[in-house]
Amino acid sequence: MSQKILVTYATRTGATQGVAEAIGKTMSENGAVVDVKPMSTVSDLSPYTAVVAGSAIQASAWLPEAVDFIRTHQGALVQKPFASFLVCMTLAMPNGEKYRPFVADFIKPVRSMVSPVSEAQFAGVLDLKKIPSLGNRIKFGISVLLGVWKQGDHRDWNAIKSWSASLSSKLN
Ligand SMILES: Cc1cc2nc3c(=O)[nH]c(=O)nc-3n(C[C@H](O)[C@H](O)[C@H](O)COP(=O)(O)O)c2cc1C
């Protein structure tokens, strides 16, 4: 069967969708046939030879619907090459890089269900206007005032591109 890759994602405010689309674009440019889809629209993994799945981080974890997706499709995922990514704000903190090992463990529950051939962690976006809950807007607003992190788009497109390019050989 020729290679067909699913890049699927869970997002709350759109940043992770942008990362998934960038991953899909690089992989297509490198010759793969790629579908990029939200997890909520994926019910069948059988058309795909490999899966790349990613989620925004909230409360130091993948979104619950993303973990549910892995649980639902665990049987199919363990039989295909699988890579994972996450998008979070911890890595956008000043000295955020030193938290990378801590951030990498945000996907422990995923690893316990399926072993990724590769894992990536990316800094995301903080846009207070897009946070739906007033309580969380206030909480994140205070954290910005305290200098924990800055509002804005912290996605590192070169890092995203470079990881995506590295996947071609790992997803065979
Ligand atoms: C309610 C809420 C909780 C969050 N919790 C965390 C967290 O625990 N750790 C972290 O690094 N980032 C956290 N973030 C930051 C998001 O992961 C980041 O903004 C990400 O880019 C959002 O991606 P999305 O736009 O795809 O939803 C949180 C954001 C929100 C709105």
# chains A, B, ... in the order shown; residues from 1 in each chain; ligands from 1

call {"tool": "closest_atom_pairs", "arguments": {"of": "chain A", "to": "ligand 1", "cutoff": "6 Å", "atoms": "only C-alpha atoms and all ligand atoms", "output": "CSV"}}
result
residue,atom,partner,partner_atom_place_in_ligand_line,distance
A:Thr11,CA,ligand 1,26 (O),3.7
A:Arg12,CA,ligand 1,27 (O),3.4
A:Thr13,CA,ligand 1,25 (O),3.4
A:Gly14,CA,ligand 1,25 (O),3.9
A:Ala15,CA,ligand 1,25 (O),3.6
A:Thr16,CA,ligand 1,26 (O),3.6
A:Ala56,CA,ligand 1,23 (O),4.3
A:Ile57,CA,ligand 1,17 (O),3.9
A:Gln58,CA,ligand 1,5 (N),3.4
A:Ala59,CA,ligand 1,8 (O),3.5
A:Ser60,CA,ligand 1,8 (O),3.7
A:Val87,CA,ligand 1,20 (C),5.3
A:Cys88,CA,ligand 1,17 (O),3.5
A:Met89,CA,ligand 1,11 (O),3.9
A:Thr90,CA,ligand 1,11 (O),3.7
A:Gly124,CA,ligand 1,21 (O),3.4
A:Val125,CA,ligand 1,21 (O),4.0
A:Leu126,CA,ligand 1,19 (O),4.6
A:Ile131,CA,ligand 1,31 (C),5.3
A:Asn136,CA,ligand 1,1 (C),5.5

call {"tool": "write_last_selection", "arguments": {"atoms": "C-alpha atoms", "output": "PDB file, in the first residue's frame"}}
result
ATOM      1  CA  THR A  11      -7.654  22.627  19.624  1.00  0.00           C
ATOM      2  CA  ARG A  12      -9.603  25.136  21.676  1.00  0.00           C
ATOM      3  CA  THR A  13      -8.435  28.448  20.222  1.00  0.00           C
ATOM      4  CA  GLY A  14      -6.910  27.470  16.863  1.00  0.00           C
ATOM      5  CA  ALA A  15      -3.135  27.468  17.480  1.00  0.00           C
ATOM      6  CA  THR A  16      -2.832  23.678  17.244  1.00  0.00           C
ATOM      7  CA  ALA A  56      -3.298  21.862  22.778  1.00  0.00           C
ATOM      8  CA  ILE A  57      -2.328  21.605  26.439  1.00  0.00           C
ATOM      9  CA  GLN A  58      -4.705  22.643  29.195  1.00  0.00           C
ATOM     10  CA  ALA A  59      -4.064  21.885  32.879  1.00  0.00           C
ATOM     11  CA  SER A  60      -0.752  20.186  31.987  1.00  0.00           C
ATOM     12  CA  VAL A  87       1.237  22.883  21.821  1.00  0.00           C
ATOM     13  CA  CYS A  88       1.552  24.788  25.087  1.00  0.00           C
ATOM     14  CA  MET A  89       2.585  28.070  26.714  1.00  0.00           C
ATOM     15  CA  THR A  90       5.142  26.707  29.192  1.00  0.00           C
ATOM     16  CA  GLY A 124       1.808  28.046  21.242  1.00  0.00           C
ATOM     17  CA  VAL A 125      -0.272  31.198  21.232  1.00  0.00           C
ATOM     18  CA  LEU A 126      -1.760  33.259  24.039  1.00  0.00           C
ATOM     19  CA  ILE A 131     -10.200  32.377  25.888  1.00  0.00           C
ATOM     20  CA  ASN A 136      -9.493  31.802  32.708  1.00  0.00           C
TER      21      ASN A 136
END

call {"tool": "closest_atom_pairs", "arguments": {"of": "segment 5-88 of chain A", "to": "segment 107-115 of chain A", "cutoff": "10 Å", "atoms": "only C-alpha atoms", "output": "tab-separated table"}}
result
residue	atom	partner	partner_atom	distance
A:Gly54	CA	A:Ile107	CA	9.9
A:Ser55	CA	A:Ile107	CA	9.6
A:Ile57	CA	A:Ile107	CA	9.4
A:Ser60	CA	A:Ile107	CA	8.8
A:Ala61	CA	A:Ile107	CA	6.5
A:Trp62	CA	A:Ile107	CA	6.6
A:Ala66	CA	A:Val110	CA	9.2
A:Val67	CA	A:Val110	CA	6.6
A:Asp68	CA	A:Val110	CA	9.6
A:Phe69	CA	A:Val110	CA	9.9
A:Ile70	CA	A:Val110	CA	6.9
A:Arg71	CA	A:Met113	CA	7.1
A:His73	CA	A:Met113	CA	9.8
A:Gln74	CA	A:Met113	CA	6.5
A:Gly75	CA	A:Val114	CA	9.0
A:Ala76	CA	A:Val114	CA	9.8
A:Leu77	CA	A:Val114	CA	6.8
A:Val78	CA	A:Val114	CA	5.7
A:Gln79	CA	A:Val114	CA	9.3
A:Lys80	CA	A:Val114	CA	9.8
A:Pro81	CA	A:Ser115	CA	8.8
A:Phe82	CA	A:Ser115	CA	7.2
A:Ala83	CA	A:Ser115	CA	8.2
A:Ser84	CA	A:Ile107	CA	8.6
A:Phe85	CA	A:Ile107	CA	8.8
A:Leu86	CA	A:Ile107	CA	8.1

call {"tool": "write_last_selection", "arguments": {"atoms": "N, CA, C and O atoms", "output": "mmCIF file, in the first residue's frame"}}
result
data_model
loop_
_atom_site.group_PDB
_atom_site.id
_atom_site.type_symbol
_atom_site.label_atom_id
_atom_site.label_comp_id
_atom_site.auth_asym_id
_atom_site.auth_seq_id
_atom_site.Cartn_x
_atom_site.Cartn_y
_atom_site.Cartn_z
ATOM 1 N N GLY A 54 -1.898 15.498 17.541
ATOM 2 C CA GLY A 54 -1.443 16.527 18.467
ATOM 3 C C GLY A 54 -2.596 17.245 19.127
ATOM 4 O O GLY A 54 -3.721 17.256 18.618
ATOM 5 N N SER A 55 -2.280 17.839 20.268
ATOM 6 C CA SER A 55 -3.313 18.550 21.026
ATOM 7 C C SER A 55 -2.728 19.791 21.688
ATOM 8 O O SER A 55 -1.543 19.817 22.046
ATOM 9 N N ILE A 57 -2.433 21.989 25.026
ATOM 10 C CA ILE A 57 -2.328 21.605 26.439
ATOM 11 C C ILE A 57 -3.223 22.515 27.273
ATOM 12 O O ILE A 57 -3.198 23.745 27.122
ATOM 13 N N SER A 60 -1.899 21.094 32.100
ATOM 14 C CA SER A 60 -0.752 20.186 31.987
ATOM 15 C C SER A 60 -1.090 18.843 31.345
ATOM 16 O O SER A 60 -0.482 17.814 31.691
ATOM 17 N N ALA A 61 -2.041 18.855 30.425
ATOM 18 C CA ALA A 61 -2.418 17.603 29.762
ATOM 19 C C ALA A 61 -2.977 17.888 28.374
ATOM 20 O O ALA A 61 -3.446 19.007 28.101
ATOM 21 N N TRP A 62 -2.920 16.864 27.506
ATOM 22 C CA TRP A 62 -3.667 16.948 26.252
ATOM 23 C C TRP A 62 -5.136 17.214 26.591
ATOM 24 O O TRP A 62 -5.622 16.821 27.677
ATOM 25 N N ALA A 66 -8.805 14.685 23.078
ATOM 26 C CA ALA A 66 -7.663 14.118 22.350
ATOM 27 C C ALA A 66 -7.248 12.790 22.997
ATOM 28 O O ALA A 66 -6.953 11.818 22.305
ATOM 29 N N VAL A 67 -7.248 12.754 24.330
ATOM 30 C CA VAL A 67 -6.927 11.498 25.025
ATOM 31 C C VAL A 67 -7.999 10.447 24.702
ATOM 32 O O VAL A 67 -7.696 9.273 24.436
ATOM 33 N N ASP A 68 -9.264 10.891 24.645
ATOM 34 C CA ASP A 68 -10.357 9.968 24.275
ATOM 35 C C ASP A 68 -10.144 9.405 22.874
ATOM 36 O O ASP A 68 -10.434 8.240 22.607
ATOM 37 N N PHE A 69 -9.653 10.267 21.960
ATOM 38 C CA PHE A 69 -9.411 9.828 20.584
ATOM 39 C C PHE A 69 -8.402 8.668 20.570
ATOM 40 O O PHE A 69 -8.596 7.660 19.900
ATOM 41 N N ILE A 70 -7.327 8.822 21.349
ATOM 42 C CA ILE A 70 -6.299 7.768 21.396
ATOM 43 C C ILE A 70 -6.899 6.495 22.001
ATOM 44 O O ILE A 70 -6.668 5.386 21.506
ATOM 45 N N ARG A 71 -7.705 6.669 23.063
ATOM 46 C CA ARG A 71 -8.315 5.503 23.716
ATOM 47 C C ARG A 71 -9.222 4.770 22.716
ATOM 48 O O ARG A 71 -9.160 3.561 22.563
ATOM 49 N N HIS A 73 -9.124 4.761 19.471
ATOM 50 C CA HIS A 73 -8.453 4.177 18.298
ATOM 51 C C HIS A 73 -7.191 3.405 18.664
ATOM 52 O O HIS A 73 -6.395 3.075 17.782
ATOM 53 N N GLN A 74 -7.039 3.114 19.967
ATOM 54 C CA GLN A 74 -5.797 2.470 20.419
ATOM 55 C C GLN A 74 -5.479 1.202 19.613
ATOM 56 O O GLN A 74 -4.340 0.997 19.179
ATOM 57 N N GLY A 75 -6.497 0.391 19.373
ATOM 58 C CA GLY A 75 -6.287 -0.884 18.659
ATOM 59 C C GLY A 75 -5.669 -0.666 17.289
ATOM 60 O O GLY A 75 -4.764 -1.408 16.873
ATOM 61 N N ALA A 76 -6.144 0.357 16.566
ATOM 62 C CA ALA A 76 -5.601 0.643 15.229
ATOM 63 C C ALA A 76 -4.242 1.330 15.333
ATOM 64 O O ALA A 76 -3.331 1.050 14.547
ATOM 65 N N LEU A 77 -4.105 2.215 16.335
ATOM 66 C CA LEU A 77 -2.867 3.008 16.426
ATOM 67 C C LEU A 77 -1.645 2.154 16.766
ATOM 68 O O LEU A 77 -0.547 2.442 16.291
ATOM 69 N N VAL A 78 -1.838 1.119 17.579
ATOM 70 C CA VAL A 78 -0.669 0.315 17.959
ATOM 71 C C VAL A 78 -0.132 -0.479 16.758
ATOM 72 O O VAL A 78 0.977 -0.999 16.808
ATOM 73 N N GLN A 79 -0.913 -0.537 15.696
ATOM 74 C CA GLN A 79 -0.460 -1.293 14.512
ATOM 75 C C GLN A 79 0.138 -0.410 13.427
ATOM 76 O O GLN A 79 0.450 -0.876 12.328
ATOM 77 N N LYS A 80 0.237 0.910 13.689
ATOM 78 C CA LYS A 80 0.769 1.828 12.673
ATOM 79 C C LYS A 80 1.849 2.678 13.322
ATOM 80 O O LYS A 80 1.796 2.932 14.523
ATOM 81 N N PRO A 81 2.789 3.204 12.500
ATOM 82 C CA PRO A 81 3.680 4.213 13.064
ATOM 83 C C PRO A 81 2.857 5.417 13.525
ATOM 84 O O PRO A 81 1.945 5.861 12.818
ATOM 85 N N PHE A 82 3.176 5.893 14.730
ATOM 86 C CA PHE A 82 2.401 6.965 15.350
ATOM 87 C C PHE A 82 3.371 8.009 15.911
ATOM 88 O O PHE A 82 4.349 7.660 16.582
ATOM 89 N N ALA A 83 3.117 9.278 15.613
ATOM 90 C CA ALA A 83 3.934 10.363 16.183
ATOM 91 C C ALA A 83 3.009 11.340 16.875
ATOM 92 O O ALA A 83 1.837 11.498 16.481
ATOM 93 N N SER A 84 3.511 12.002 17.923
ATOM 94 C CA SER A 84 2.635 12.906 18.668
ATOM 95 C C SER A 84 3.279 14.276 18.837
ATOM 96 O O SER A 84 4.503 14.404 18.836
ATOM 97 N N PHE A 85 2.435 15.272 18.984
ATOM 98 C CA PHE A 85 2.943 16.604 19.318
ATOM 99 C C PHE A 85 1.979 17.291 20.273
ATOM 100 O O PHE A 85 0.823 16.877 20.424
ATOM 101 N N LEU A 86 2.492 18.317 20.939
ATOM 102 C CA LEU A 86 1.649 19.121 21.818
ATOM 103 C C LEU A 86 2.017 20.587 21.634
ATOM 104 O O LEU A 86 3.114 20.917 21.174
#

call {"tool": "closest_residue", "arguments": {"among": "A:Asn172, A:Ser28, A:Asn95, A:Gln121", "to": "Ile160 of chain A", "atoms": "only C-alpha atoms"}}
result
A:Gln121

call {"tool": "select_by_dssp", "arguments": {"residues": "segment 47-107 of chain A", "states": "strand (DSSP E)", "output": "MDAnalysis selection string"}}
result
chainID A and resid 50:58 61:62 82:88

call {"tool": "select_by_dssp", "arguments": {"residues": "segment 6-125 of chain A", "states": "helix (DSSP H, G or I)", "output": "ChimeraX atom specification"}}
result
/A:15-29,39-41,64-77,90-92,96-111

call {"tool": "atom_distance", "arguments": {"atom1": "atom CA of Trp149 of chain A", "atom2": "atom CA of Leu134 of chain A"}}
result
18.7 Å

call {"tool": "residues_around", "arguments": {"residues": "Arg137 of chain A", "least_positions_apart": "5", "cutoff": "12 Å", "atoms": "only C-alpha atoms", "output": "PyMOL selection string"}}
result
chain A and resi 126-132+142-144+151

call {"tool": "closest_residue", "arguments": {"among": "A:Lys4, A:Ala92, A:Glu29, A:Lys98", "to": "Gly147 of chain A", "atoms": "only C-alpha atoms"}}
result
A:Ala92

call {"tool": "residues_around", "arguments": {"residues": "segment 33-37 of chain A", "least_positions_apart": "5", "cutoff": "10 Å", "atoms": "only C-alpha atoms", "output": "list in words"}}
result
Ser2, Gln3, Lys4, Ile5, Leu6, Val7, Thr8, Tyr9, Ala10, Gln17, Ala20, Glu21, Ala22, Ile23, Gly24, Lys25, Thr26, Met27, Ser28, Val42, Tyr48, Ala50, Val51, Val52 and Ala53 of chain A

call {"tool": "atom_distance", "arguments": {"atom1": "atom CA of Val103 of chain A", "atom2": "atom CA of Pro64 of chain A"}}
result
16.7 Å
